[in-house]
Amino acid sequence: MSKNLLLRENNMSNEQILTQQFELGDEIGPLVIRATDVDVTNFCNLWGNEPPNRFTSIEVAKEAGLAEPIVPGIMSMALVAKLFNLCGGSQIIDDLDVVFRAAVPHNSDLHVTATVTDTRDEDGKNVLECDILMTGPEGQRYVIGTAVVSNKARS
Amino acid sequence: MELKLEYDKSLYGVEHEAGPFEVTEELIKRYCIATDETNKIFIDSEEAKKAGFSGLVAPPTMCTMFVRHVKLPDIKLNFGKNRFHAGQRVSTRLPIIAGDFLNASSHLKEVYPKTGRSGTMVFIVWETTFTNQEGQIVADVQESFATRE
């Protein structure tokens, strides 16, 4: 049984699970997700970058030098943020910094993991720093980055 | 030999503004559907209130969608042909809640070269600060674009 599931049984809040129980070197995830053609189209419409564009149309993508339509960078970032729902809730993200190493394809399994690189108490909050990685089914590195998460105060 | 970059340096210190952008429950819910967000405070306003928020909460990356609506000038960089989105950063300050109105203010943060195995690239970084209707800073977003020769 994964550490995430074990910790849930102790009736801790999601934020407590993440920020109090994870230690240096622990891995969060993996989250396996897909961005389908429909998801990307819905995102583009919401974003104001209405189709057809290089994210939704194979013709426009090829004109832009791409082999196929790709997932928008800011959508990939949103999918990375979703990882923290696994055990902490992504409302606890203080900072998320990602680099797009390769174009992210539609309709393909995307594996998102985070590795804890630092833990500390800061002004009464439990803070975790993590390295982030999004890869494809054959280990292709699509997105790398860092995240700082903590149990935040409420508004 | 150090690469000499020529571009419109007068853009430093100039703010480009846009907004206000209304954060509605519908917008938040549509964003969650598109990104498969399932955290209850993002999809159920009663759950958000039970968790101590004043209303439905926007996922922390949602404000990045509004950056596109800021009209950013061409910096007239004398390098490269193809430009691509290299990176993104979100630093959250306060929760963004349904009913908020956000204003965006963007400026050119830096332009710098980097040489690696695939050659030299130049990075252009824009930073956008989002404030709510109370004038409080809710998030900072950095977008990095790279260009190759």
# chains A, B, ... in the order shown; residues from 1 in each chain; ligands from 1
>>> interface_residues(of="chain A", to="chain B", cutoff="10 Å", atoms="only C-alpha atoms", output="PDB file with N, CA, C and O atoms, in the first residue's frame")
ATOM      1  N   ILE A  33      -1.957  10.932 -16.012  1.00  0.00           N
ATOM      2  CA  ILE A  33      -3.085  11.684 -16.564  1.00  0.00           C
ATOM      3  C   ILE A  33      -2.934  11.789 -18.071  1.00  0.00           C
ATOM      4  O   ILE A  33      -1.873  11.488 -18.612  1.00  0.00           O
ATOM      5  N   ARG A  34      -4.005  12.208 -18.717  1.00  0.00           N
ATOM      6  CA  ARG A  34      -3.975  12.425 -20.155  1.00  0.00           C
ATOM      7  C   ARG A  34      -4.626  13.753 -20.469  1.00  0.00           C
ATOM      8  O   ARG A  34      -5.591  14.142 -19.808  1.00  0.00           O
ATOM      9  N   ALA A  35      -4.156  14.421 -21.470  1.00  0.00           N
ATOM     10  CA  ALA A  35      -4.842  15.585 -22.014  1.00  0.00           C
ATOM     11  C   ALA A  35      -5.413  15.142 -23.356  1.00  0.00           C
ATOM     12  O   ALA A  35      -4.682  14.936 -24.316  1.00  0.00           O
ATOM     13  N   THR A  36      -6.725  14.967 -23.393  1.00  0.00           N
ATOM     14  CA  THR A  36      -7.335  14.494 -24.635  1.00  0.00           C
ATOM     15  C   THR A  36      -7.542  15.664 -25.593  1.00  0.00           C
ATOM     16  O   THR A  36      -7.426  16.843 -25.203  1.00  0.00           O
ATOM     17  N   VAL A  38     -10.311  16.700 -26.683  1.00  0.00           N
ATOM     18  CA  VAL A  38     -11.441  17.491 -26.172  1.00  0.00           C
ATOM     19  C   VAL A  38     -10.988  18.398 -25.024  1.00  0.00           C
ATOM     20  O   VAL A  38     -11.362  19.573 -24.968  1.00  0.00           O
ATOM     21  N   ASP A  39     -10.173  17.851 -24.126  1.00  0.00           N
ATOM     22  CA  ASP A  39      -9.664  18.660 -23.007  1.00  0.00           C
ATOM     23  C   ASP A  39      -8.912  19.883 -23.529  1.00  0.00           C
ATOM     24  O   ASP A  39      -9.085  21.001 -23.028  1.00  0.00           O
ATOM     25  N   VAL A  40      -8.048  19.654 -24.506  1.00  0.00           N
ATOM     26  CA  VAL A  40      -7.224  20.755 -25.028  1.00  0.00           C
ATOM     27  C   VAL A  40      -8.101  21.798 -25.729  1.00  0.00           C
ATOM     28  O   VAL A  40      -7.910  23.005 -25.561  1.00  0.00           O
ATOM     29  N   THR A  41      -9.076  21.329 -26.492  1.00  0.00           N
ATOM     30  CA  THR A  41      -9.993  22.268 -27.161  1.00  0.00           C
ATOM     31  C   THR A  41     -10.763  23.088 -26.138  1.00  0.00           C
ATOM     32  O   THR A  41     -10.894  24.313 -26.273  1.00  0.00           O
ATOM     33  N   ASN A  42     -11.274  22.425 -25.099  1.00  0.00           N
ATOM     34  CA  ASN A  42     -12.002  23.148 -24.045  1.00  0.00           C
ATOM     35  C   ASN A  42     -11.102  24.175 -23.376  1.00  0.00           C
ATOM     36  O   ASN A  42     -11.512  25.300 -23.082  1.00  0.00           O
ATOM     37  N   PHE A  43      -9.861  23.775 -23.132  1.00  0.00           N
ATOM     38  CA  PHE A  43      -8.920  24.689 -22.487  1.00  0.00           C
ATOM     39  C   PHE A  43      -8.664  25.895 -23.380  1.00  0.00           C
ATOM     40  O   PHE A  43      -8.657  27.045 -22.912  1.00  0.00           O
ATOM     41  N   CYS A  44      -8.431  25.644 -24.647  1.00  0.00           N
ATOM     42  CA  CYS A  44      -8.137  26.755 -25.578  1.00  0.00           C
ATOM     43  C   CYS A  44      -9.306  27.726 -25.669  1.00  0.00           C
ATOM     44  O   CYS A  44      -9.110  28.945 -25.722  1.00  0.00           O
ATOM     45  N   ASN A  45     -10.521  27.214 -25.682  1.00  0.00           N
ATOM     46  CA  ASN A  45     -11.705  28.091 -25.740  1.00  0.00           C
ATOM     47  C   ASN A  45     -11.795  28.961 -24.495  1.00  0.00           C
ATOM     48  O   ASN A  45     -12.086  30.154 -24.571  1.00  0.00           O
ATOM     49  N   LEU A  46     -11.499  28.360 -23.363  1.00  0.00           N
ATOM     50  CA  LEU A  46     -11.550  29.094 -22.095  1.00  0.00           C
ATOM     51  C   LEU A  46     -10.445  30.142 -22.025  1.00  0.00           C
ATOM     52  O   LEU A  46     -10.623  31.254 -21.534  1.00  0.00           O
ATOM     53  N   TRP A  47      -9.302  29.783 -22.576  1.00  0.00           N
ATOM     54  CA  TRP A  47      -8.100  30.606 -22.526  1.00  0.00           C
ATOM     55  C   TRP A  47      -8.213  31.823 -23.443  1.00  0.00           C
ATOM     56  O   TRP A  47      -7.540  32.827 -23.253  1.00  0.00           O
ATOM     57  N   GLY A  48      -9.089  31.713 -24.442  1.00  0.00           N
ATOM     58  CA  GLY A  48      -9.207  32.798 -25.400  1.00  0.00           C
ATOM     59  C   GLY A  48      -8.327  32.578 -26.625  1.00  0.00           C
ATOM     60  O   GLY A  48      -8.204  33.474 -27.469  1.00  0.00           O
ATOM     61  N   ASN A  49      -7.714  31.417 -26.723  1.00  0.00           N
ATOM     62  CA  ASN A  49      -6.907  31.071 -27.893  1.00  0.00           C
ATOM     63  C   ASN A  49      -7.719  30.073 -28.699  1.00  0.00           C
ATOM     64  O   ASN A  49      -7.474  28.869 -28.703  1.00  0.00           O
ATOM     65  N   ALA A  64       3.517  25.203 -38.123  1.00  0.00           N
ATOM     66  CA  ALA A  64       4.384  25.752 -37.074  1.00  0.00           C
ATOM     67  C   ALA A  64       5.604  24.875 -36.833  1.00  0.00           C
ATOM     68  O   ALA A  64       6.383  25.120 -35.912  1.00  0.00           O
ATOM     69  N   GLY A  65       5.766  23.837 -37.645  1.00  0.00           N
ATOM     70  CA  GLY A  65       6.934  22.977 -37.510  1.00  0.00           C
ATOM     71  C   GLY A  65       6.784  21.832 -36.527  1.00  0.00           C
ATOM     72  O   GLY A  65       7.759  21.191 -36.150  1.00  0.00           O
ATOM     73  N   PRO A  72      -0.966  22.976 -24.610  1.00  0.00           N
ATOM     74  CA  PRO A  72      -0.396  24.295 -24.260  1.00  0.00           C
ATOM     75  C   PRO A  72       0.455  24.208 -22.999  1.00  0.00           C
ATOM     76  O   PRO A  72       0.148  23.449 -22.079  1.00  0.00           O
ATOM     77  N   GLY A  73       1.488  25.031 -22.955  1.00  0.00           N
ATOM     78  CA  GLY A  73       2.370  25.020 -21.791  1.00  0.00           C
ATOM     79  C   GLY A  73       1.633  25.281 -20.492  1.00  0.00           C
ATOM     80  O   GLY A  73       1.849  24.595 -19.487  1.00  0.00           O
ATOM     81  N   ILE A  74       0.743  26.258 -20.504  1.00  0.00           N
ATOM     82  CA  ILE A  74       0.069  26.572 -19.235  1.00  0.00           C
ATOM     83  C   ILE A  74      -0.905  25.461 -18.829  1.00  0.00           C
ATOM     84  O   ILE A  74      -1.215  25.307 -17.645  1.00  0.00           O
ATOM     85  N   MET A  75      -1.360  24.681 -19.793  1.00  0.00           N
ATOM     86  CA  MET A  75      -2.206  23.547 -19.452  1.00  0.00           C
ATOM     87  C   MET A  75      -1.349  22.422 -18.854  1.00  0.00           C
ATOM     88  O   MET A  75      -1.741  21.777 -17.880  1.00  0.00           O
ATOM     89  N   SER A  76      -0.163  22.195 -19.434  1.00  0.00           N
ATOM     90  CA  SER A  76       0.761  21.215 -18.857  1.00  0.00           C
ATOM     91  C   SER A  76       1.086  21.582 -17.419  1.00  0.00           C
ATOM     92  O   SER A  76       1.179  20.722 -16.542  1.00  0.00           O
ATOM     93  N   MET A  77       1.256  22.856 -17.187  1.00  0.00           N
ATOM     94  CA  MET A  77       1.557  23.315 -15.826  1.00  0.00           C
ATOM     95  C   MET A  77       0.394  22.998 -14.883  1.00  0.00           C
ATOM     96  O   MET A  77       0.595  22.574 -13.741  1.00  0.00           O
ATOM     97  N   ALA A  78      -0.827  23.196 -15.369  1.00  0.00           N
ATOM     98  CA  ALA A  78      -2.003  22.881 -14.552  1.00  0.00           C
ATOM     99  C   ALA A  78      -2.060  21.391 -14.226  1.00  0.00           C
ATOM    100  O   ALA A  78      -2.436  20.993 -13.127  1.00  0.00           O
ATOM    101  N   LEU A  79      -1.653  20.558 -15.170  1.00  0.00           N
ATOM    102  CA  LEU A  79      -1.661  19.118 -14.941  1.00  0.00           C
ATOM    103  C   LEU A  79      -0.598  18.734 -13.915  1.00  0.00           C
ATOM    104  O   LEU A  79      -0.793  17.833 -13.098  1.00  0.00           O
ATOM    105  N   VAL A  80       0.529  19.421 -13.939  1.00  0.00           N
ATOM    106  CA  VAL A  80       1.573  19.175 -12.932  1.00  0.00           C
ATOM    107  C   VAL A  80       1.039  19.569 -11.548  1.00  0.00           C
ATOM    108  O   VAL A  80       1.232  18.852 -10.565  1.00  0.00           O
ATOM    109  N   ALA A  81       0.355  20.707 -11.471  1.00  0.00           N
ATOM    110  CA  ALA A  81      -0.178  21.177 -10.189  1.00  0.00           C
ATOM    111  C   ALA A  81      -1.155  20.160  -9.603  1.00  0.00           C
ATOM    112  O   ALA A  81      -1.262  20.012  -8.383  1.00  0.00           O
ATOM    113  N   LYS A  82      -1.857  19.441 -10.464  1.00  0.00           N
ATOM    114  CA  LYS A  82      -2.855  18.471 -10.013  1.00  0.00           C
ATOM    115  C   LYS A  82      -2.221  17.357  -9.163  1.00  0.00           C
ATOM    116  O   LYS A  82      -2.884  16.729  -8.358  1.00  0.00           O
ATOM    117  N   LEU A  83      -0.922  17.129  -9.368  1.00  0.00           N
ATOM    118  CA  LEU A  83      -0.228  16.100  -8.580  1.00  0.00           C
ATOM    119  C   LEU A  83      -0.464  16.309  -7.096  1.00  0.00           C
ATOM    120  O   LEU A  83      -0.623  15.345  -6.339  1.00  0.00           O
ATOM    121  N   PHE A  84      -0.472  17.559  -6.698  1.00  0.00           N
ATOM    122  CA  PHE A  84      -0.553  17.836  -5.266  1.00  0.00           C
ATOM    123  C   PHE A  84      -1.943  17.575  -4.704  1.00  0.00           C
ATOM    124  O   PHE A  84      -2.140  17.586  -3.496  1.00  0.00           O
ATOM    125  N   ASN A  85      -2.914  17.309  -5.576  1.00  0.00           N
ATOM    126  CA  ASN A  85      -4.218  16.834  -5.103  1.00  0.00           C
ATOM    127  C   ASN A  85      -4.112  15.446  -4.527  1.00  0.00           C
ATOM    128  O   ASN A  85      -4.917  15.039  -3.716  1.00  0.00           O
ATOM    129  N   LEU A  86      -3.115  14.727  -4.957  1.00  0.00           N
ATOM    130  CA  LEU A  86      -2.976  13.323  -4.564  1.00  0.00           C
ATOM    131  C   LEU A  86      -2.954  13.188  -3.050  1.00  0.00           C
ATOM    132  O   LEU A  86      -3.528  12.289  -2.480  1.00  0.00           O
ATOM    133  N   GLY A  88      -2.228  16.410  -0.909  1.00  0.00           N
ATOM    134  CA  GLY A  88      -2.175  17.666  -0.184  1.00  0.00           C
ATOM    135  C   GLY A  88      -3.180  18.697  -0.628  1.00  0.00           C
ATOM    136  O   GLY A  88      -3.463  19.637   0.095  1.00  0.00           O
ATOM    137  N   GLY A  89      -3.692  18.553  -1.842  1.00  0.00           N
ATOM    138  CA  GLY A  89      -4.559  19.613  -2.341  1.00  0.00           C
ATOM    139  C   GLY A  89      -3.730  20.689  -2.990  1.00  0.00           C
ATOM    140  O   GLY A  89      -2.834  21.249  -2.389  1.00  0.00           O
ATOM    141  N   SER A  90      -3.999  20.998  -4.245  1.00  0.00           N
ATOM    142  CA  SER A  90      -3.096  21.931  -4.920  1.00  0.00           C
ATOM    143  C   SER A  90      -3.289  23.359  -4.476  1.00  0.00           C
ATOM    144  O   SER A  90      -2.582  24.242  -4.914  1.00  0.00           O
ATOM    145  N   GLN A  91      -4.188  23.618  -3.535  1.00  0.00           N
ATOM    146  CA  GLN A  91      -4.280  24.974  -2.998  1.00  0.00           C
ATOM    147  C   GLN A  91      -3.093  25.294  -2.102  1.00  0.00           C
ATOM    148  O   GLN A  91      -2.935  26.418  -1.669  1.00  0.00           O
ATOM    149  N   ILE A  92      -2.254  24.309  -1.844  1.00  0.00           N
ATOM    150  CA  ILE A  92      -1.115  24.564  -0.971  1.00  0.00           C
ATOM    151  C   ILE A  92       0.140  24.965  -1.735  1.00  0.00           C
ATOM    152  O   ILE A  92       1.191  25.124  -1.140  1.00  0.00           O
ATOM    153  N   ILE A  93       0.044  25.144  -3.026  1.00  0.00           N
ATOM    154  CA  ILE A  93       1.218  25.524  -3.805  1.00  0.00           C
ATOM    155  C   ILE A  93       1.581  26.983  -3.539  1.00  0.00           C
ATOM    156  O   ILE A  93       0.775  27.881  -3.730  1.00  0.00           O
ATOM    157  N   ASP A  94       2.807  27.225  -3.089  1.00  0.00           N
ATOM    158  CA  ASP A  94       3.318  28.585  -2.920  1.00  0.00           C
ATOM    159  C   ASP A  94       4.024  29.048  -4.195  1.00  0.00           C
ATOM    160  O   ASP A  94       3.954  30.210  -4.576  1.00  0.00           O
ATOM    161  N   ASP A  95       4.740  28.121  -4.816  1.00  0.00           N
ATOM    162  CA  ASP A  95       5.522  28.471  -5.997  1.00  0.00           C
ATOM    163  C   ASP A  95       5.643  27.246  -6.889  1.00  0.00           C
ATOM    164  O   ASP A  95       5.934  26.156  -6.407  1.00  0.00           O
ATOM    165  N   LEU A  96       5.410  27.431  -8.177  1.00  0.00           N
ATOM    166  CA  LEU A  96       5.537  26.344  -9.138  1.00  0.00           C
ATOM    167  C   LEU A  96       6.284  26.901 -10.343  1.00  0.00           C
ATOM    168  O   LEU A  96       5.833  27.865 -10.956  1.00  0.00           O
ATOM    169  N   ASP A  97       7.426  26.297 -10.625  1.00  0.00           N
ATOM    170  CA  ASP A  97       8.327  26.835 -11.654  1.00  0.00           C
ATOM    171  C   ASP A  97       8.671  25.691 -12.602  1.00  0.00           C
ATOM    172  O   ASP A  97       9.329  24.737 -12.188  1.00  0.00           O
ATOM    173  N   VAL A  98       8.189  25.760 -13.831  1.00  0.00           N
ATOM    174  CA  VAL A  98       8.383  24.638 -14.757  1.00  0.00           C
ATOM    175  C   VAL A  98       9.101  25.072 -16.027  1.00  0.00           C
ATOM    176  O   VAL A  98       8.978  26.219 -16.464  1.00  0.00           O
ATOM    177  N   VAL A  99       9.847  24.139 -16.584  1.00  0.00           N
ATOM    178  CA  VAL A  99      10.535  24.322 -17.859  1.00  0.00           C
ATOM    179  C   VAL A  99       9.969  23.287 -18.827  1.00  0.00           C
ATOM    180  O   VAL A  99       9.859  22.104 -18.479  1.00  0.00           O
ATOM    181  N   PHE A 100       9.625  23.734 -20.036  1.00  0.00           N
ATOM    182  CA  PHE A 100       9.051  22.830 -21.031  1.00  0.00           C
ATOM    183  C   PHE A 100      10.192  22.284 -21.886  1.00  0.00           C
ATOM    184  O   PHE A 100      10.748  22.983 -22.728  1.00  0.00           O
ATOM    185  N   ARG A 101      10.530  21.019 -21.649  1.00  0.00           N
ATOM    186  CA  ARG A 101      11.687  20.420 -22.305  1.00  0.00           C
ATOM    187  C   ARG A 101      11.341  19.869 -23.684  1.00  0.00           C
ATOM    188  O   ARG A 101      12.194  19.780 -24.562  1.00  0.00           O
ATOM    189  N   ALA A 102      10.111  19.454 -23.834  1.00  0.00           N
ATOM    190  CA  ALA A 102       9.671  18.901 -25.118  1.00  0.00           C
ATOM    191  C   ALA A 102       8.168  19.115 -25.233  1.00  0.00           C
ATOM    192  O   ALA A 102       7.483  19.276 -24.220  1.00  0.00           O
ATOM    193  N   ALA A 103       7.691  19.099 -26.471  1.00  0.00           N
ATOM    194  CA  ALA A 103       6.256  19.279 -26.712  1.00  0.00           C
ATOM    195  C   ALA A 103       5.479  18.134 -26.076  1.00  0.00           C
ATOM    196  O   ALA A 103       5.864  16.970 -26.176  1.00  0.00           O
ATOM    197  N   VAL A 143       8.352  17.875 -19.020  1.00  0.00           N
ATOM    198  CA  VAL A 143       8.355  19.059 -18.150  1.00  0.00           C
ATOM    199  C   VAL A 143       9.202  18.760 -16.922  1.00  0.00           C
ATOM    200  O   VAL A 143       9.091  17.682 -16.338  1.00  0.00           O
ATOM    201  N   ILE A 144      10.070  19.692 -16.572  1.00  0.00           N
ATOM    202  CA  ILE A 144      10.803  19.584 -15.313  1.00  0.00           C
ATOM    203  C   ILE A 144      10.560  20.864 -14.532  1.00  0.00           C
ATOM    204  O   ILE A 144      10.081  21.866 -15.092  1.00  0.00           O
ATOM    205  N   GLY A 145      10.904  20.834 -13.250  1.00  0.00           N
ATOM    206  CA  GLY A 145      10.721  22.063 -12.489  1.00  0.00           C
ATOM    207  C   GLY A 145      10.826  21.866 -11.005  1.00  0.00           C
ATOM    208  O   GLY A 145      11.317  20.827 -10.542  1.00  0.00           O
ATOM    209  N   THR A 146      10.366  22.862 -10.294  1.00  0.00           N
ATOM    210  CA  THR A 146      10.393  22.825  -8.833  1.00  0.00           C
ATOM    211  C   THR A 146       9.079  23.351  -8.282  1.00  0.00           C
ATOM    212  O   THR A 146       8.375  24.125  -8.956  1.00  0.00           O
ATOM    213  N   ALA A 147       8.762  22.914  -7.078  1.00  0.00           N
ATOM    214  CA  ALA A 147       7.569  23.415  -6.404  1.00  0.00           C
ATOM    215  C   ALA A 147       7.890  23.653  -4.944  1.00  0.00           C
ATOM    216  O   ALA A 147       8.704  22.928  -4.351  1.00  0.00           O
ATOM    217  N   VAL A 148       7.269  24.670  -4.384  1.00  0.00           N
ATOM    218  CA  VAL A 148       7.319  24.899  -2.941  1.00  0.00           C
ATOM    219  C   VAL A 148       5.876  24.839  -2.472  1.00  0.00           C
ATOM    220  O   VAL A 148       5.009  25.557  -2.998  1.00  0.00           O
ATOM    221  N   LYS A 152      -1.147  26.382   3.955  1.00  0.00           N
ATOM    222  CA  LYS A 152      -1.353  27.827   3.906  1.00  0.00           C
ATOM    223  C   LYS A 152      -2.424  28.255   4.901  1.00  0.00           C
ATOM    224  O   LYS A 152      -3.309  27.501   5.234  1.00  0.00           O
ATOM    225  N   ALA A 153      -2.368  29.551   5.292  1.00  0.00           N
ATOM    226  CA  ALA A 153      -3.439  30.147   6.093  1.00  0.00           C
ATOM    227  C   ALA A 153      -4.642  30.381   5.219  1.00  0.00           C
ATOM    228  O   ALA A 153      -4.526  30.546   4.009  1.00  0.00           O
ATOM    229  N   ARG A 154      -5.820  30.400   5.777  1.00  0.00           N
ATOM    230  CA  ARG A 154      -7.054  30.618   5.028  1.00  0.00           C
ATOM    231  C   ARG A 154      -7.297  32.098   4.807  1.00  0.00           C
ATOM    232  O   ARG A 154      -6.859  32.921   5.575  1.00  0.00           O
ATOM    233  N   SER A 155      -8.069  32.412   3.771  1.00  0.00           N
ATOM    234  CA  SER A 155      -8.431  33.812   3.538  1.00  0.00           C
ATOM    235  C   SER A 155      -9.570  34.210   4.472  1.00  0.00           C
ATOM    236  O   SER A 155     -10.270  33.349   4.984  1.00  0.00           O
TER     237      SER A 155
END
>>> residues_around(residues="Lys4 in chain B", least_positions_apart="6", cutoff="10 Å", atoms="only C-alpha atoms", output="list in words")
Asn78, Phe79, Tyr112 and Pro113 of chain B
>>> write_last_selection(atoms="N, CA and C atoms", output="mmCIF file, in the first residue's frame")
data_model
loop_
_atom_site.group_PDB
_atom_site.id
_atom_site.type_symbol
_atom_site.label_atom_id
_atom_site.label_comp_id
_atom_site.auth_asym_id
_atom_site.auth_seq_id
_atom_site.Cartn_x
_atom_site.Cartn_y
_atom_site.Cartn_z
ATOM 1 N N ASN B 78 17.343 41.129 -32.046
ATOM 2 C CA ASN B 78 18.069 40.859 -33.306
ATOM 3 C C ASN B 78 18.658 39.459 -33.315
ATOM 4 N N PHE B 79 17.921 38.505 -32.845
ATOM 5 C CA PHE B 79 18.452 37.128 -32.770
ATOM 6 C C PHE B 79 17.328 36.140 -32.975
ATOM 7 N N TYR B 112 18.307 37.211 -21.867
ATOM 8 C CA TYR B 112 19.667 36.698 -21.669
ATOM 9 C C TYR B 112 19.931 35.511 -22.581
ATOM 10 N N PRO B 113 21.218 35.319 -22.961
ATOM 11 C CA PRO B 113 21.567 34.169 -23.798
ATOM 12 C C PRO B 113 22.016 32.998 -22.937
#
>>> residues_around(residues="Leu102 in chain B", least_positions_apart="3", cutoff="10 Å", atoms="only C-alpha atoms", output="PyMOL selection string")
chain B and resi 18-23+63+66+96+99+129-139
>>> select_by_dssp(residues="range 81-153 of chain A", states="helix (DSSP H, G or I)", output="PyMOL selection string")
chain A and resi 81-85+90-92
>>> write_last_selection(atoms="N, CA, C and O atoms", output="compact mmCIF listing (two decimals), in the first residue's frame")
# COMPACT_ATOMS: atom_id res chain seq x y z
N ALA A 81 0.36 20.71 -11.47
CA ALA A 81 -0.18 21.18 -10.19
C ALA A 81 -1.15 20.16 -9.60
O ALA A 81 -1.26 20.01 -8.38
N LYS A 82 -1.86 19.44 -10.46
CA LYS A 82 -2.85 18.47 -10.01
C LYS A 82 -2.22 17.36 -9.16
O LYS A 82 -2.88 16.73 -8.36
N LEU A 83 -0.92 17.13 -9.37
CA LEU A 83 -0.23 16.10 -8.58
C LEU A 83 -0.46 16.31 -7.10
O LEU A 83 -0.62 15.34 -6.34
N PHE A 84 -0.47 17.56 -6.70
CA PHE A 84 -0.55 17.84 -5.27
C PHE A 84 -1.94 17.58 -4.70
O PHE A 84 -2.14 17.59 -3.50
N ASN A 85 -2.91 17.31 -5.58
CA ASN A 85 -4.22 16.83 -5.10
C ASN A 85 -4.11 15.45 -4.53
O ASN A 85 -4.92 15.04 -3.72
N SER A 90 -4.00 21.00 -4.24
CA SER A 90 -3.10 21.93 -4.92
C SER A 90 -3.29 23.36 -4.48
O SER A 90 -2.58 24.24 -4.91
N GLN A 91 -4.19 23.62 -3.54
CA GLN A 91 -4.28 24.97 -3.00
C GLN A 91 -3.09 25.29 -2.10
O GLN A 91 -2.94 26.42 -1.67
N ILE A 92 -2.25 24.31 -1.84
CA ILE A 92 -1.12 24.56 -0.97
C ILE A 92 0.14 24.96 -1.74
O ILE A 92 1.19 25.12 -1.14
>>> atom_distance(atom1="CA of Ala114 in chain A", atom2="CA of Val32 in chain A")
12.6 Å
>>> select_by_dssp(residues="range 35-108 of chain A", states="strand (DSSP E or B)", output="number ranges by chain")
A: 70, 93-100, 105
>>> residues_around(residues="Asp74 in chain B", least_positions_apart="6", cutoff="10 Å", atoms="only C-alpha atoms", output="ChimeraX atom specification")
/B:7-8,11
>>> closest_residue(among="A:Gly29, A:Val71, A:Val60, A:Val104", to="Tyr142 in chain A", atoms="only C-alpha atoms")
A:Val104
>>> atom_distance(atom1="CA of Arg141 in chain A", atom2="CA of Glu23 in chain A")
24.6 Å
>>> atom_distance(atom1="CA of Lys81 in chain B", atom2="CA of Val14 in chain B")
25.1 Å
